[in-house]
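Report on the following structure.
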Amino acid sequence: MKNLLKEKTYNFQAVYGSNITLNMLLALSVCLTLVFIVLGLLGLLGVFSTESIGLTGFDYMVFGVLTAIGPIGFYNYIKSKKKKEVEDHLPDFLREISSATSSGMTVFDAIHAASQGEHGHLTPEIRRMSSQLSWGISVQEALNNFAKRINTDSVKRLVITINKALEIGGNTASVFEAAAKEIDQSKRVEIQRKTEMSMYSIVIFISFFVFLAVILIIDKTIFTAIFDLQDQMAGQAIGNMRIAQIDSNMLKYTFFSFVLVQSIGGGLLGGFMMDGRLSSGVRFGFILVLISFFVFKFIF
């Protein structure tokens, strides 16, 4: 008799998707962001206070911004860096396949032989392709799976080109050699673009630090003198003019709001122009916001 109350296994990957690490990181980031924002709002409303340990409601709001952009930005940067390292080893791998097939080996044997060598971060992917081929999966499907895992435009174009050439037939060795040359050319174009655009990114980052320095100079000169005069006058009037009371904390938060917008915008634009990826801009935005926070916390 069949067990009608058969226990079902909980498939986390089927529920939350294949990239479990990213989903968990997103969930943790959202939870921390909400917690810090709620604490910040309560602190600004006077319901919750931790000024005894040197933290204000505005500080918690900044922590919320950092937790919102920091984890995802650095995670995407690490993933992008790994993909770039994989692409850097692709030309050597393709030339190795070309050399092996020109000597009479099949593509299957050439990939299997290449999986025994060392190709940096590309080695696990080659071994996975070799395993899939040993299971009876076709070369085209194994290459398509590889393109899905790496998920970059250059690798996708490369796999499409190789698969079409293999379908048509002909000299297999020349196909892989041409693919290696295409990857090398794409790398040269990317390096040239990055070199040219990096100059604009440097200008953006320098502009941010100049703006931050100007804010500090204004605070240490003009507003320091105004606060000294305000303390001396103590609300007295000069003719028909009365010296208004300026809240130093409100001034500090106002200036920091200006710098916060500048740091996020400058980081996003500078990182995007440098690497061509918004994830890189998020990473730079996190760094600039963190620098601004420490400067205003301990210097302003």
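Scheme for the structure tokens: letters A, B, ... for chains in order shown; per-chain residue numbers from 1; ligand numbers from 1 in order shown.
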Using only C-alpha atoms, which residues sit within 9 Å of segment 76-85 of chain A once same-chain residues fewer than 2 positions away are excluded, as a VMD selection string? chain A and resid 71 to 74 87 to 90 120 to 122 150 to 152 279 to 280 283
Selection near segment 25-39 of chain A, 8 Å with only C-alpha atoms, sequence-local residues under 4 positions removed, as a PyMOL selection string: chain A and resi 21+43+48+57+60-61+63-65+67-68+71-72
List the spatial neighbours of segment 180-188 of chain A as a PyMOL selection string - criterion: any atom at most 8 Å away, only C-alpha atoms, same-chain residues fewer than 6 positions off excluded. chain A and resi 87+90-92+94-95+154+158
Among listed residues A:Gly40, A:Gly266, A:Gly281, A:Gly136, nearest Asp59 of chain A (using only C-alpha atoms):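 Of the candidates, the smallest distance to Asp59 of chain A is held by A:Gly40.
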Kindly indicate which residue among A:Phe211, A:Val139, A:Lys194, A:Asp228 lies nearest to Glu167 of chain A, using only C-alpha atoms for the distances.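 Checking each of A:Phe211, A:Val139, A:Lys194, A:Asp228 against Glu167 of chain A, counting only C-alpha atoms, the winner is A:Val139.
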Contacts of Asn145 of chain A at 12 Å or less, counting only C-alpha atoms, minus same-chain residues fewer than 6 places along, as a list in words? Glu125, Ile126, Arg128, Met129, Ser130, Gln132, Leu133, Ile137, Ser138, Val139, Asn151, Val155, Lys156, Val159 and Ile160 of chain A
